Amino acid sequence: MDNKQLWDSVLVEIETGVSKANFSTWFKNTRIVKQDGGTVVVGVPNEFVKEWLSSKYDRLLLKTLRDISEGVRGIEYAVVSLSSKGTEKPVLPTNNQSTYAPELPLNDLYINREDNLNPRYTFENMVIGSFNELAHAASQAVTKHPGHAYNPLFIHGGTGLGKTHIAQAIGNHIKNSKTGKKIYYITSEKFAIDYINSINDRRMNEFKEKYRKYDVFIMDDIQFLAGKDKSQEELFHLFNALYENNKQIIFTSDKHPNYIHGLEERLKSRFGAGMIVDIITPEYESRMAIIRHKLNSSNFSLGNEIVSFIAESIECSVREMEGVINSIICQSRFKNRELSLNEIKLLIKNNIIPKKTASIKDVIRVVSEFYNIEESNLFEKTRKKEIVKPRQIAMYILREDFNVSYPTIGEKFGGRDHTTVIHSCDKVKNSIKTNAALTDELEQIRALL
Ligand code: ADP
Ligand code: MG
């Protein structure tokens, strides 16, 4: 195995256990520079990454390296210029410490290689609110009667809303119930890689056997199989084999299966045969509860004003909330004092990718352009048909494709009540069943987004 292959295998392992944000912040532009005796020298883009990796991830990296290559005894980190590798840019400028959102990765060490479960994901440390209660209830039912309650269970929702957490919590719960059930968690990307490697190495029988022996099979982020026809075919056969034997299957995705373009119809219809639940963006009260929960579990406290400020600023991702809280904790410990509200505002501004606000704005712009009306028309309190329809469509898209909660949509559309929003979305949902022209329009609008 050469340096690149070795490091790629290490990164694939690491990626399963850390959040995407963490992974791209700390591991993206790293590589093995050389191996010297038993020492692996890891090249990193700057001092900041060097310090972070050596203090927080050293044990995990060493363990992962050793699992793959027995002779490894130690790791050294060296700042190397990446220009020799072409276009790569360092991920983090060393002088800008306020933009990082570290997540304390202590438990990453304990990911079990047999089942890929990380014990930190449990139902007990999950906040339940109206945004995820359906997914939670369905998951609980699955843990009580695996293979019989809802099969498959399909959980969809935007990034950072707890899909991986809840899917792994099901696995951990069944594992801890000591019924001897064999559980396996894998991302769809890793599944596709494993599939291709087995073909190349002529290990297809082994591959098939391995995946068919599980009682509970969890595949995370199925949307990444879009367009990968061969892997989808393999998954289809695996699905049937497991399903026929009453094995529990759990999928997660960032979208409803019907909206995953490039996913085979027969897979979609299999998914539809079980239970499809979504996790939406948490409303204000749930956001407050999540923040308090995260602070509690870090033994840290913040004033009510600050907690509600964070809850107001971050709407769309629990992961971003965690990132901000961890940054606040790190900085206050570093400065050895409480941060002021202004410092926290700055930190949030630097940490948050204004993804969803951009999305909401985009939907409003695209929909009004499509129907040839002014954006402001959408917010008017009017019953004119040429305005009502675009407004309902915009609401429907925000709800279905962007997982924005009903109350938030109501707020954005001029303080409408959430029941009005539900009514609008249901109206569109019902019309598309019979109105092919409307389905067409929706497709065109979605293509513009
Ligand atoms: P997704 O898979 O949907 O992108 P994750 O499951 O990775 O999101 O969740 C992102 C982070 O937020 C994780 O650290 C997870 O533990 C945390 N998290 C998500 N939902 C909750 C919740 N309801 N309560 C507490 N923590 C949560
Ligand atoms: Mg995930």
# chains A, B, ... in the order shown; residues from 1 in each chain; ligands from 1
$ select_by_dssp --residues "region 210-444 of chain A" --states "helix (DSSP H, G or I)" --output "CSV table (one decimal) with N, CA and C atoms, in the first residue's frame"
chain,number,residue,atom,x,y,z
A,210,LYS,N,-21.7,-11.0,3.1
A,210,LYS,CA,-21.4,-10.1,4.3
A,210,LYS,C,-22.7,-9.3,4.6
A,211,TYR,N,-23.2,-8.6,3.5
A,211,TYR,CA,-24.4,-7.7,3.8
A,211,TYR,C,-25.7,-8.4,4.1
A,212,ARG,N,-25.8,-9.7,3.7
A,212,ARG,CA,-27.0,-10.4,3.9
A,212,ARG,C,-27.2,-11.0,5.3
A,222,ILE,N,-28.6,8.1,1.5
A,222,ILE,CA,-28.9,7.3,0.3
A,222,ILE,C,-28.8,8.1,-1.0
A,223,GLN,N,-29.0,9.5,-0.8
A,223,GLN,CA,-29.0,10.3,-2.0
A,223,GLN,C,-27.7,10.3,-2.8
A,224,PHE,N,-26.6,9.8,-2.1
A,224,PHE,CA,-25.3,9.8,-2.8
A,224,PHE,C,-25.3,8.6,-3.8
A,225,LEU,N,-26.3,7.7,-3.8
A,225,LEU,CA,-26.3,6.6,-4.8
A,225,LEU,C,-27.0,7.1,-6.1
A,229,ASP,N,-25.8,3.5,-11.0
A,229,ASP,CA,-26.8,2.5,-11.3
A,229,ASP,C,-26.5,1.1,-10.8
A,230,LYS,N,-25.2,0.7,-10.9
A,230,LYS,CA,-24.8,-0.6,-10.5
A,230,LYS,C,-24.9,-0.8,-9.0
A,231,SER,N,-24.5,0.2,-8.3
A,231,SER,CA,-24.6,0.1,-6.8
A,231,SER,C,-26.1,0.0,-6.4
A,232,GLN,N,-26.9,0.8,-7.1
A,232,GLN,CA,-28.4,0.8,-6.9
A,232,GLN,C,-28.9,-0.6,-7.1
A,233,GLU,N,-28.5,-1.2,-8.2
A,233,GLU,CA,-29.0,-2.6,-8.5
A,233,GLU,C,-28.6,-3.5,-7.4
A,234,GLU,N,-27.4,-3.4,-6.9
A,234,GLU,CA,-26.9,-4.3,-5.8
A,234,GLU,C,-27.7,-4.1,-4.6
A,235,LEU,N,-28.0,-2.8,-4.3
A,235,LEU,CA,-28.8,-2.5,-3.1
A,235,LEU,C,-30.2,-3.0,-3.3
A,236,PHE,N,-30.7,-3.0,-4.5
A,236,PHE,CA,-32.1,-3.5,-4.7
A,236,PHE,C,-32.1,-5.0,-4.3
A,237,HIS,N,-31.1,-5.8,-4.8
A,237,HIS,CA,-31.1,-7.2,-4.5
A,237,HIS,C,-30.9,-7.4,-3.0
A,238,LEU,N,-30.0,-6.7,-2.4
A,238,LEU,CA,-29.8,-6.8,-1.0
A,238,LEU,C,-31.0,-6.5,-0.2
A,239,PHE,N,-31.7,-5.4,-0.6
A,239,PHE,CA,-32.9,-5.0,0.0
A,239,PHE,C,-33.9,-6.2,0.0
A,240,ASN,N,-34.1,-6.8,-1.2
A,240,ASN,CA,-35.1,-7.8,-1.3
A,240,ASN,C,-34.7,-9.0,-0.4
A,241,ALA,N,-33.4,-9.3,-0.4
A,241,ALA,CA,-33.0,-10.5,0.5
A,241,ALA,C,-33.3,-10.2,1.9
A,242,LEU,N,-32.9,-9.0,2.4
A,242,LEU,CA,-33.1,-8.7,3.8
A,242,LEU,C,-34.6,-8.6,4.1
A,243,TYR,N,-35.3,-8.0,3.3
A,243,TYR,CA,-36.8,-7.7,3.5
A,243,TYR,C,-37.5,-9.1,3.6
A,244,GLU,N,-37.2,-10.0,2.7
A,244,GLU,CA,-37.9,-11.2,2.7
A,244,GLU,C,-37.7,-12.0,4.0
A,257,PRO,N,-37.7,10.3,-1.0
A,257,PRO,CA,-37.2,9.5,-2.2
A,257,PRO,C,-37.7,10.0,-3.5
A,258,ASN,N,-38.9,10.5,-3.6
A,258,ASN,CA,-39.5,10.9,-4.9
A,258,ASN,C,-38.7,12.0,-5.5
A,259,TYR,N,-37.9,12.7,-4.7
A,259,TYR,CA,-37.2,13.9,-5.2
A,259,TYR,C,-35.7,13.6,-5.4
A,265,GLU,N,-36.7,3.8,-10.1
A,265,GLU,CA,-38.1,3.8,-9.6
A,265,GLU,C,-38.4,2.6,-8.7
A,266,ARG,N,-37.8,1.5,-9.1
A,266,ARG,CA,-38.2,0.3,-8.2
A,266,ARG,C,-37.6,0.4,-6.8
A,267,LEU,N,-36.5,1.2,-6.6
A,267,LEU,CA,-36.1,1.4,-5.3
A,267,LEU,C,-37.0,2.4,-4.6
A,268,LYS,N,-37.4,3.5,-5.3
A,268,LYS,CA,-38.4,4.4,-4.7
A,268,LYS,C,-39.6,3.7,-4.3
A,269,SER,N,-40.1,2.8,-5.1
A,269,SER,CA,-41.4,2.1,-4.7
A,269,SER,C,-41.1,1.2,-3.5
A,270,ARG,N,-40.0,0.6,-3.4
A,270,ARG,CA,-39.6,-0.2,-2.2
A,270,ARG,C,-39.6,0.7,-0.9
A,271,PHE,N,-39.0,1.9,-1.1
A,271,PHE,CA,-39.0,2.8,0.1
A,271,PHE,C,-40.4,3.2,0.5
A,272,GLY,N,-41.2,3.4,-0.5
A,272,GLY,CA,-42.6,3.9,-0.2
A,272,GLY,C,-43.4,2.8,0.5
A,284,TYR,N,-38.6,27.5,17.4
A,284,TYR,CA,-37.9,28.3,18.4
A,284,TYR,C,-37.8,27.5,19.7
A,285,GLU,N,-38.9,27.0,20.2
A,285,GLU,CA,-38.8,26.3,21.6
A,285,GLU,C,-37.9,25.1,21.5
A,286,SER,N,-37.9,24.4,20.4
A,286,SER,CA,-37.0,23.2,20.3
A,286,SER,C,-35.6,23.7,20.2
A,287,ARG,N,-35.4,24.8,19.5
A,287,ARG,CA,-34.0,25.3,19.4
A,287,ARG,C,-33.5,25.7,20.8
A,288,MET,N,-34.3,26.3,21.6
A,288,MET,CA,-33.9,26.7,22.9
A,288,MET,C,-33.6,25.4,23.7
A,289,ALA,N,-34.4,24.4,23.6
A,289,ALA,CA,-34.2,23.1,24.3
A,289,ALA,C,-32.9,22.5,23.9
A,290,ILE,N,-32.6,22.5,22.6
A,290,ILE,CA,-31.4,21.9,22.1
A,290,ILE,C,-30.2,22.6,22.7
A,291,ILE,N,-30.2,23.9,22.6
A,291,ILE,CA,-29.1,24.7,23.1
A,291,ILE,C,-28.8,24.5,24.6
A,292,ARG,N,-29.9,24.5,25.4
A,292,ARG,CA,-29.8,24.2,26.8
A,292,ARG,C,-29.2,22.8,27.1
A,293,HIS,N,-29.7,21.9,26.3
A,293,HIS,CA,-29.2,20.5,26.4
A,293,HIS,C,-27.7,20.4,26.1
A,294,LYS,N,-27.3,21.0,25.1
A,294,LYS,CA,-25.9,21.0,24.7
A,294,LYS,C,-25.0,21.7,25.8
A,295,LEU,N,-25.5,22.8,26.3
A,295,LEU,CA,-24.8,23.5,27.4
A,295,LEU,C,-24.7,22.6,28.6
A,296,ASN,N,-25.8,22.0,29.0
A,296,ASN,CA,-25.8,21.1,30.2
A,296,ASN,C,-24.8,20.0,30.0
A,297,SER,N,-24.8,19.4,28.8
A,297,SER,CA,-23.9,18.2,28.7
A,297,SER,C,-22.5,18.6,28.7
A,304,ASN,N,-29.9,33.7,29.8
A,304,ASN,CA,-31.1,33.4,29.0
A,304,ASN,C,-31.0,34.3,27.7
A,305,GLU,N,-30.6,35.5,27.9
A,305,GLU,CA,-30.5,36.5,26.7
A,305,GLU,C,-29.7,35.9,25.6
A,306,ILE,N,-28.6,35.3,26.0
A,306,ILE,CA,-27.6,34.8,25.0
A,306,ILE,C,-28.2,33.5,24.4
A,307,VAL,N,-28.8,32.6,25.2
A,307,VAL,CA,-29.4,31.4,24.7
A,307,VAL,C,-30.5,31.8,23.7
A,308,SER,N,-31.3,32.7,24.0
A,308,SER,CA,-32.4,33.0,23.1
A,308,SER,C,-31.9,33.7,21.8
A,309,PHE,N,-30.8,34.5,22.0
A,309,PHE,CA,-30.2,35.1,20.8
A,309,PHE,C,-29.6,34.0,19.8
A,310,ILE,N,-29.0,33.0,20.4
A,310,ILE,CA,-28.5,31.9,19.5
A,310,ILE,C,-29.7,31.2,18.8
A,311,ALA,N,-30.7,31.0,19.6
A,311,ALA,CA,-31.9,30.3,19.1
A,311,ALA,C,-32.6,31.1,17.9
A,312,GLU,N,-32.5,32.4,18.1
A,312,GLU,CA,-33.1,33.2,17.0
A,312,GLU,C,-32.2,33.3,15.8
A,313,SER,N,-30.9,33.2,16.0
A,313,SER,CA,-29.9,33.3,14.9
A,313,SER,C,-29.8,32.1,14.0
A,318,VAL,N,-29.0,21.7,13.6
A,318,VAL,CA,-28.5,21.4,15.0
A,318,VAL,C,-27.0,21.4,15.0
A,319,ARG,N,-26.5,21.0,13.9
A,319,ARG,CA,-25.0,20.9,13.8
A,319,ARG,C,-24.4,22.3,13.9
A,320,GLU,N,-25.0,23.3,13.3
A,320,GLU,CA,-24.5,24.6,13.4
A,320,GLU,C,-24.6,25.2,14.8
A,321,MET,N,-25.7,24.8,15.5
A,321,MET,CA,-25.9,25.2,16.9
A,321,MET,C,-24.8,24.6,17.7
A,322,GLU,N,-24.5,23.3,17.5
A,322,GLU,CA,-23.4,22.7,18.3
A,322,GLU,C,-22.1,23.4,18.0
A,323,GLY,N,-21.9,23.7,16.8
A,323,GLY,CA,-20.6,24.3,16.4
A,323,GLY,C,-20.4,25.7,17.1
A,324,VAL,N,-21.5,26.5,17.1
A,324,VAL,CA,-21.4,27.8,17.8
A,324,VAL,C,-21.2,27.6,19.3
A,325,ILE,N,-22.0,26.7,19.9
A,325,ILE,CA,-21.8,26.5,21.3
A,325,ILE,C,-20.4,26.0,21.7
A,326,ASN,N,-19.9,25.1,20.9
A,326,ASN,CA,-18.5,24.6,21.1
A,326,ASN,C,-17.5,25.8,21.0
A,327,SER,N,-17.7,26.6,20.0
A,327,SER,CA,-16.8,27.8,19.8
A,327,SER,C,-16.9,28.7,21.0
A,328,ILE,N,-18.1,28.9,21.5
A,328,ILE,CA,-18.3,29.8,22.7
A,328,ILE,C,-17.6,29.2,23.9
A,329,ILE,N,-17.8,27.9,24.1
A,329,ILE,CA,-17.1,27.3,25.2
A,329,ILE,C,-15.6,27.4,25.1
A,330,CYS,N,-15.1,27.0,23.9
A,330,CYS,CA,-13.6,27.1,23.7
A,330,CYS,C,-13.1,28.5,23.9
A,331,GLN,N,-13.7,29.5,23.3
A,331,GLN,CA,-13.2,30.8,23.5
A,331,GLN,C,-13.3,31.3,24.9
A,332,SER,N,-14.4,31.0,25.6
A,332,SER,CA,-14.5,31.5,27.0
A,332,SER,C,-13.4,30.8,27.8
A,333,ARG,N,-13.2,29.5,27.6
A,333,ARG,CA,-12.2,28.9,28.4
A,333,ARG,C,-10.8,29.5,28.0
A,334,PHE,N,-10.6,29.7,26.8
A,334,PHE,CA,-9.3,30.3,26.3
A,334,PHE,C,-9.1,31.7,27.0
A,335,LYS,N,-10.1,32.5,26.9
A,335,LYS,CA,-10.0,33.8,27.5
A,335,LYS,C,-10.2,33.9,29.0
A,341,LEU,N,-22.2,39.7,24.7
A,341,LEU,CA,-23.2,39.4,23.7
A,341,LEU,C,-22.6,39.8,22.3
A,342,ASN,N,-21.9,40.9,22.3
A,342,ASN,CA,-21.3,41.3,21.0
A,342,ASN,C,-20.3,40.3,20.5
A,343,GLU,N,-19.5,39.8,21.3
A,343,GLU,CA,-18.5,38.8,20.9
A,343,GLU,C,-19.2,37.6,20.3
A,344,ILE,N,-20.3,37.2,21.0
A,344,ILE,CA,-21.1,36.1,20.6
A,344,ILE,C,-21.7,36.3,19.2
A,345,LYS,N,-22.2,37.5,19.0
A,345,LYS,CA,-22.8,37.9,17.8
A,345,LYS,C,-21.8,37.7,16.6
A,346,LEU,N,-20.6,38.2,16.9
A,346,LEU,CA,-19.5,38.1,15.9
A,346,LEU,C,-19.2,36.7,15.6
A,347,LEU,N,-19.1,35.9,16.6
A,347,LEU,CA,-18.8,34.5,16.5
A,347,LEU,C,-19.9,33.8,15.6
A,348,ILE,N,-21.1,34.1,15.9
A,348,ILE,CA,-22.2,33.5,15.1
A,348,ILE,C,-22.1,33.9,13.6
A,349,LYS,N,-21.9,35.2,13.5
A,349,LYS,CA,-21.8,35.7,12.1
A,349,LYS,C,-20.7,35.0,11.3
A,350,ASN,N,-19.6,34.7,12.0
A,350,ASN,CA,-18.4,34.1,11.3
A,350,ASN,C,-18.6,32.6,11.1
A,351,ASN,N,-19.5,32.0,11.9
A,351,ASN,CA,-19.7,30.6,11.9
A,351,ASN,C,-20.8,30.1,11.0
A,355,LYS,N,-27.1,29.5,4.5
A,355,LYS,CA,-27.5,28.6,3.5
A,355,LYS,C,-29.1,28.7,3.3
A,356,LYS,N,-29.8,28.5,4.4
A,356,LYS,CA,-31.2,28.4,4.3
A,356,LYS,C,-31.9,29.8,3.9
A,357,THR,N,-31.3,30.9,4.5
A,357,THR,CA,-31.9,32.1,4.1
A,357,THR,C,-31.7,32.4,2.6
A,358,ALA,N,-30.6,31.9,2.1
A,358,ALA,CA,-30.4,32.1,0.7
A,358,ALA,C,-31.4,31.2,0.0
A,359,SER,N,-31.7,30.0,0.5
A,359,SER,CA,-32.6,29.1,-0.2
A,359,SER,C,-34.0,29.7,-0.2
A,360,ILE,N,-34.4,30.3,1.0
A,360,ILE,CA,-35.8,30.9,1.1
A,360,ILE,C,-35.9,32.0,0.1
A,361,LYS,N,-34.9,32.9,0.1
A,361,LYS,CA,-34.9,34.0,-0.9
A,361,LYS,C,-34.9,33.5,-2.3
A,362,ASP,N,-34.1,32.5,-2.6
A,362,ASP,CA,-34.1,31.9,-4.0
A,362,ASP,C,-35.4,31.4,-4.4
A,363,VAL,N,-36.1,30.7,-3.5
A,363,VAL,CA,-37.4,30.1,-3.8
A,363,VAL,C,-38.4,31.3,-4.2
A,364,ILE,N,-38.3,32.3,-3.3
A,364,ILE,CA,-39.2,33.5,-3.6
A,364,ILE,C,-38.9,34.1,-4.9
A,365,ARG,N,-37.6,34.3,-5.2
A,365,ARG,CA,-37.3,35.0,-6.4
A,365,ARG,C,-37.7,34.1,-7.6
A,366,VAL,N,-37.3,32.8,-7.6
A,366,VAL,CA,-37.6,32.0,-8.7
A,366,VAL,C,-39.1,31.8,-9.0
A,367,VAL,N,-39.8,31.6,-7.9
A,367,VAL,CA,-41.3,31.5,-8.1
A,367,VAL,C,-41.9,32.7,-8.7
A,368,SER,N,-41.5,33.9,-8.1
A,368,SER,CA,-42.1,35.1,-8.7
A,368,SER,C,-41.7,35.4,-10.1
A,369,GLU,N,-40.5,35.1,-10.4
A,369,GLU,CA,-40.0,35.3,-11.8
A,369,GLU,C,-40.8,34.3,-12.7
A,370,PHE,N,-41.0,33.1,-12.3
A,370,PHE,CA,-41.7,32.1,-13.1
A,370,PHE,C,-43.1,32.5,-13.4
A,375,GLU,N,-41.9,40.1,-6.4
A,375,GLU,CA,-41.6,39.3,-5.2
A,375,GLU,C,-42.6,39.8,-4.1
A,376,SER,N,-42.7,41.1,-4.0
A,376,SER,CA,-43.5,41.7,-2.9
A,376,SER,C,-45.0,41.2,-3.0
A,377,ASN,N,-45.5,40.9,-4.2
A,377,ASN,CA,-46.8,40.4,-4.3
A,377,ASN,C,-47.1,39.2,-3.5
A,378,LEU,N,-46.0,38.3,-3.4
A,378,LEU,CA,-46.2,37.1,-2.7
A,378,LEU,C,-46.6,37.3,-1.2
A,379,PHE,N,-46.2,38.4,-0.6
A,379,PHE,CA,-46.4,38.7,0.8
A,379,PHE,C,-47.7,39.4,1.0
A,385,LYS,N,-56.3,35.4,-7.7
A,385,LYS,CA,-55.9,34.0,-8.1
A,385,LYS,C,-54.4,34.0,-8.6
A,386,GLU,N,-54.1,35.1,-9.4
A,386,GLU,CA,-52.7,35.0,-10.0
A,386,GLU,C,-51.6,35.2,-8.9
A,387,ILE,N,-52.0,35.6,-7.7
A,387,ILE,CA,-51.0,35.7,-6.6
A,387,ILE,C,-51.1,34.5,-5.7
A,388,VAL,N,-52.4,34.1,-5.4
A,388,VAL,CA,-52.6,33.0,-4.4
A,388,VAL,C,-51.8,31.7,-4.9
A,389,LYS,N,-51.9,31.4,-6.2
A,389,LYS,CA,-51.3,30.2,-6.6
A,389,LYS,C,-49.8,30.2,-6.4
A,390,PRO,N,-49.1,31.2,-7.0
A,390,PRO,CA,-47.6,31.3,-6.8
A,390,PRO,C,-47.2,31.2,-5.3
A,391,ARG,N,-48.1,31.9,-4.4
A,391,ARG,CA,-47.7,31.9,-3.0
A,391,ARG,C,-47.8,30.4,-2.4
A,392,GLN,N,-48.9,29.7,-2.9
A,392,GLN,CA,-49.0,28.4,-2.4
A,392,GLN,C,-47.9,27.5,-2.9
A,393,ILE,N,-47.5,27.7,-4.1
A,393,ILE,CA,-46.4,26.9,-4.7
A,393,ILE,C,-45.1,27.2,-3.9
A,394,ALA,N,-44.8,28.5,-3.6
A,394,ALA,CA,-43.6,28.8,-2.9
A,394,ALA,C,-43.6,28.2,-1.5
A,395,MET,N,-44.7,28.2,-0.9
A,395,MET,CA,-44.8,27.6,0.5
A,395,MET,C,-44.6,26.1,0.4
A,396,TYR,N,-45.2,25.5,-0.6
A,396,TYR,CA,-45.1,24.1,-0.8
A,396,TYR,C,-43.6,23.7,-1.0
A,397,ILE,N,-42.9,24.4,-1.9
A,397,ILE,CA,-41.5,24.0,-2.2
A,397,ILE,C,-40.7,24.2,-0.9
A,398,LEU,N,-40.9,25.3,-0.2
A,398,LEU,CA,-40.1,25.5,1.0
A,398,LEU,C,-40.3,24.4,2.0
A,399,ARG,N,-41.5,23.9,2.1
A,399,ARG,CA,-41.8,22.9,3.1
A,399,ARG,C,-41.3,21.5,2.6
A,400,GLU,N,-41.6,21.2,1.3
A,400,GLU,CA,-41.2,19.9,0.8
A,400,GLU,C,-39.7,19.7,0.6
A,401,ASP,N,-39.1,20.7,-0.1
A,401,ASP,CA,-37.8,20.5,-0.5
A,401,ASP,C,-36.7,21.1,0.4
A,402,PHE,N,-37.2,22.1,1.2
A,402,PHE,CA,-36.2,22.7,2.1
A,402,PHE,C,-36.5,22.5,3.6
A,406,TYR,N,-43.6,24.8,9.2
A,406,TYR,CA,-44.8,25.6,8.8
A,406,TYR,C,-44.8,27.0,9.5
A,407,PRO,N,-44.5,27.1,10.8
A,407,PRO,CA,-44.6,28.4,11.5
A,407,PRO,C,-43.5,29.3,10.8
A,408,THR,N,-42.3,28.8,10.5
A,408,THR,CA,-41.3,29.7,9.9
A,408,THR,C,-41.8,30.2,8.5
A,409,ILE,N,-42.4,29.3,7.8
A,409,ILE,CA,-42.9,29.8,6.5
A,409,ILE,C,-44.0,30.9,6.7
A,410,GLY,N,-44.9,30.7,7.7
A,410,GLY,CA,-45.9,31.6,8.0
A,410,GLY,C,-45.3,33.0,8.3
A,411,GLU,N,-44.2,32.9,9.1
A,411,GLU,CA,-43.5,34.1,9.5
A,411,GLU,C,-42.9,34.9,8.3
A,412,LYS,N,-42.3,34.1,7.4
A,412,LYS,CA,-41.6,34.7,6.2
A,412,LYS,C,-42.7,35.3,5.3
A,418,HIS,N,-49.7,29.4,11.0
A,418,HIS,CA,-49.2,28.1,10.4
A,418,HIS,C,-50.3,27.2,9.8
A,419,THR,N,-51.5,27.3,10.3
A,419,THR,CA,-52.6,26.5,9.8
A,419,THR,C,-52.9,26.9,8.3
A,420,THR,N,-52.7,28.2,8.0
A,420,THR,CA,-52.9,28.7,6.7
A,420,THR,C,-51.8,28.1,5.8
A,421,VAL,N,-50.6,28.0,6.3
A,421,VAL,CA,-49.5,27.4,5.5
A,421,VAL,C,-49.8,25.9,5.2
A,422,ILE,N,-50.2,25.2,6.3
A,422,ILE,CA,-50.5,23.8,6.1
A,422,ILE,C,-51.6,23.6,5.0
A,423,HIS,N,-52.6,24.5,5.1
A,423,HIS,CA,-53.7,24.4,4.2
A,423,HIS,C,-53.2,24.6,2.7
A,424,SER,N,-52.3,25.7,2.6
A,424,SER,CA,-51.8,25.9,1.2
A,424,SER,C,-51.0,24.7,0.7
A,425,CYS,N,-50.1,24.2,1.6
A,425,CYS,CA,-49.3,23.1,1.1
A,425,CYS,C,-50.1,21.9,0.8
A,426,ASP,N,-51.2,21.6,1.6
A,426,ASP,CA,-52.1,20.5,1.3
A,426,ASP,C,-52.8,20.7,0.0
A,427,LYS,N,-53.1,21.9,-0.3
A,427,LYS,CA,-53.8,22.2,-1.5
A,427,LYS,C,-53.0,21.8,-2.7
A,428,VAL,N,-51.7,22.3,-2.7
A,428,VAL,CA,-50.8,21.9,-3.8
A,428,VAL,C,-50.6,20.4,-3.9
A,429,LYS,N,-50.4,19.8,-2.7
A,429,LYS,CA,-50.2,18.4,-2.7
A,429,LYS,C,-51.3,17.6,-3.4
A,430,ASN,N,-52.6,18.0,-3.0
A,430,ASN,CA,-53.7,17.4,-3.6
A,430,ASN,C,-53.9,17.7,-5.1
A,431,SER,N,-53.6,18.9,-5.5
A,431,SER,CA,-53.8,19.3,-6.9
A,431,SER,C,-52.8,18.5,-7.8
A,432,ILE,N,-51.6,18.3,-7.3
A,432,ILE,CA,-50.7,17.7,-8.3
A,432,ILE,C,-51.0,16.2,-8.6
A,433,LYS,N,-51.9,15.6,-7.7
A,433,LYS,CA,-52.3,14.3,-8.0
A,433,LYS,C,-53.1,14.2,-9.3
A,434,THR,N,-53.8,15.2,-9.6
A,434,THR,CA,-54.7,15.1,-10.8
A,434,THR,C,-54.3,16.1,-11.8
A,436,ALA,N,-51.7,17.5,-14.2
A,436,ALA,CA,-50.4,17.2,-14.7
A,436,ALA,C,-49.6,18.5,-15.1
A,437,ALA,N,-50.4,19.5,-15.5
A,437,ALA,CA,-49.8,20.8,-15.8
A,437,ALA,C,-49.0,21.4,-14.6
A,438,LEU,N,-49.7,21.3,-13.5
A,438,LEU,CA,-49.1,21.8,-12.3
A,438,LEU,C,-47.8,21.1,-11.9
A,439,THR,N,-47.9,19.8,-12.0
A,439,THR,CA,-46.7,18.9,-11.8
A,439,THR,C,-45.5,19.4,-12.6
A,440,ASP,N,-45.9,19.7,-13.9
A,440,ASP,CA,-44.9,20.2,-14.9
A,440,ASP,C,-44.3,21.5,-14.4
A,441,GLU,N,-45.2,22.4,-14.0
A,441,GLU,CA,-44.7,23.7,-13.6
A,441,GLU,C,-43.7,23.5,-12.4
A,442,LEU,N,-44.1,22.7,-11.4
A,442,LEU,CA,-43.3,22.5,-10.3
A,442,LEU,C,-41.9,22.0,-10.7
A,443,GLU,N,-41.9,21.1,-11.6
A,443,GLU,CA,-40.7,20.5,-12.0
A,443,GLU,C,-39.8,21.6,-12.7
A,444,GLN,N,-40.4,22.4,-13.5
A,444,GLN,CA,-39.6,23.5,-14.1
A,444,GLN,C,-39.1,24.5,-13.0
$ closest_atom_pairs --of "chain A" --to "ligand 1" --cutoff "7 Å" --atoms "only C-alpha atoms and all ligand atoms" --output "CSV"
residue,atom,partner,partner_atom_place_in_ligand_line,distance
A:Ser19,CA,ligand 1,7 (O),6.0
A:Tyr121,CA,ligand 1,16 (O),6.1
A:Asn125,CA,ligand 1,25 (C),6.0
A:Met126,CA,ligand 1,24 (N),3.6
A:Val127,CA,ligand 1,24 (N),3.8
A:Ile128,CA,ligand 1,23 (N),5.5
A:Asn132,CA,ligand 1,23 (N),6.9
A:Gly157,CA,ligand 1,3 (O),6.4
A:Gly158,CA,ligand 1,3 (O),6.1
A:Thr159,CA,ligand 1,4 (O),3.8
A:Gly160,CA,ligand 1,4 (O),3.4
A:Leu161,CA,ligand 1,3 (O),4.0
A:Gly162,CA,ligand 1,6 (O),3.1
A:Lys163,CA,ligand 1,3 (O),3.7
A:Thr164,CA,ligand 1,6 (O),3.6
A:His165,CA,ligand 1,6 (O),3.6
A:Ile166,CA,ligand 1,6 (O),6.4
A:Ile290,CA,ligand 1,24 (N),5.8
A:Val318,CA,ligand 1,12 (O),4.5
A:Arg319,CA,ligand 1,11 (C),4.0
A:Glu322,CA,ligand 1,12 (O),6.5
$ closest_residue --among "A:Phe48, A:Trp26, A:Tyr57, A:Phe251" --to "ligand 2" --atoms "only C-alpha atoms and all ligand atoms"
A:Phe251
$ residues_around --residues "Glu51 (chain A)" --least-positions-apart "2" --cutoff "12 Å" --atoms "only C-alpha atoms" --output "PyMOL selection string"
chain A and resi 26+44-49+53-58+76-79+94
$ write_last_selection --atoms "C-alpha atoms" --output "mmCIF file, in the first residue's frame"
data_model
loop_
_atom_site.group_PDB
_atom_site.id
_atom_site.type_symbol
_atom_site.label_atom_id
_atom_site.label_comp_id
_atom_site.auth_asym_id
_atom_site.auth_seq_id
_atom_site.Cartn_x
_atom_site.Cartn_y
_atom_site.Cartn_z
ATOM 1 C CA TRP A 26 -9.418 19.301 9.724
ATOM 2 C CA VAL A 44 -1.056 19.576 7.015
ATOM 3 C CA PRO A 45 -1.782 22.991 5.499
ATOM 4 C CA ASN A 46 -1.051 25.217 8.490
ATOM 5 C CA GLU A 47 -0.048 25.449 12.151
ATOM 6 C CA PHE A 48 -3.594 25.668 13.316
ATOM 7 C CA VAL A 49 -4.589 22.368 11.757
ATOM 8 C CA LEU A 53 -4.934 17.319 14.852
ATOM 9 C CA SER A 54 -2.118 16.565 17.246
ATOM 10 C CA SER A 55 -4.088 17.540 20.324
ATOM 11 C CA LYS A 56 -7.549 16.268 19.433
ATOM 12 C CA TYR A 57 -7.230 13.579 16.837
ATOM 13 C CA ASP A 58 -3.834 12.017 17.454
ATOM 14 C CA GLU A 76 4.325 13.394 13.338
ATOM 15 C CA TYR A 77 2.688 16.417 11.806
ATOM 16 C CA ALA A 78 4.405 18.789 9.437
ATOM 17 C CA VAL A 79 3.137 21.967 7.840
ATOM 18 C CA THR A 94 -4.118 30.578 10.546
#
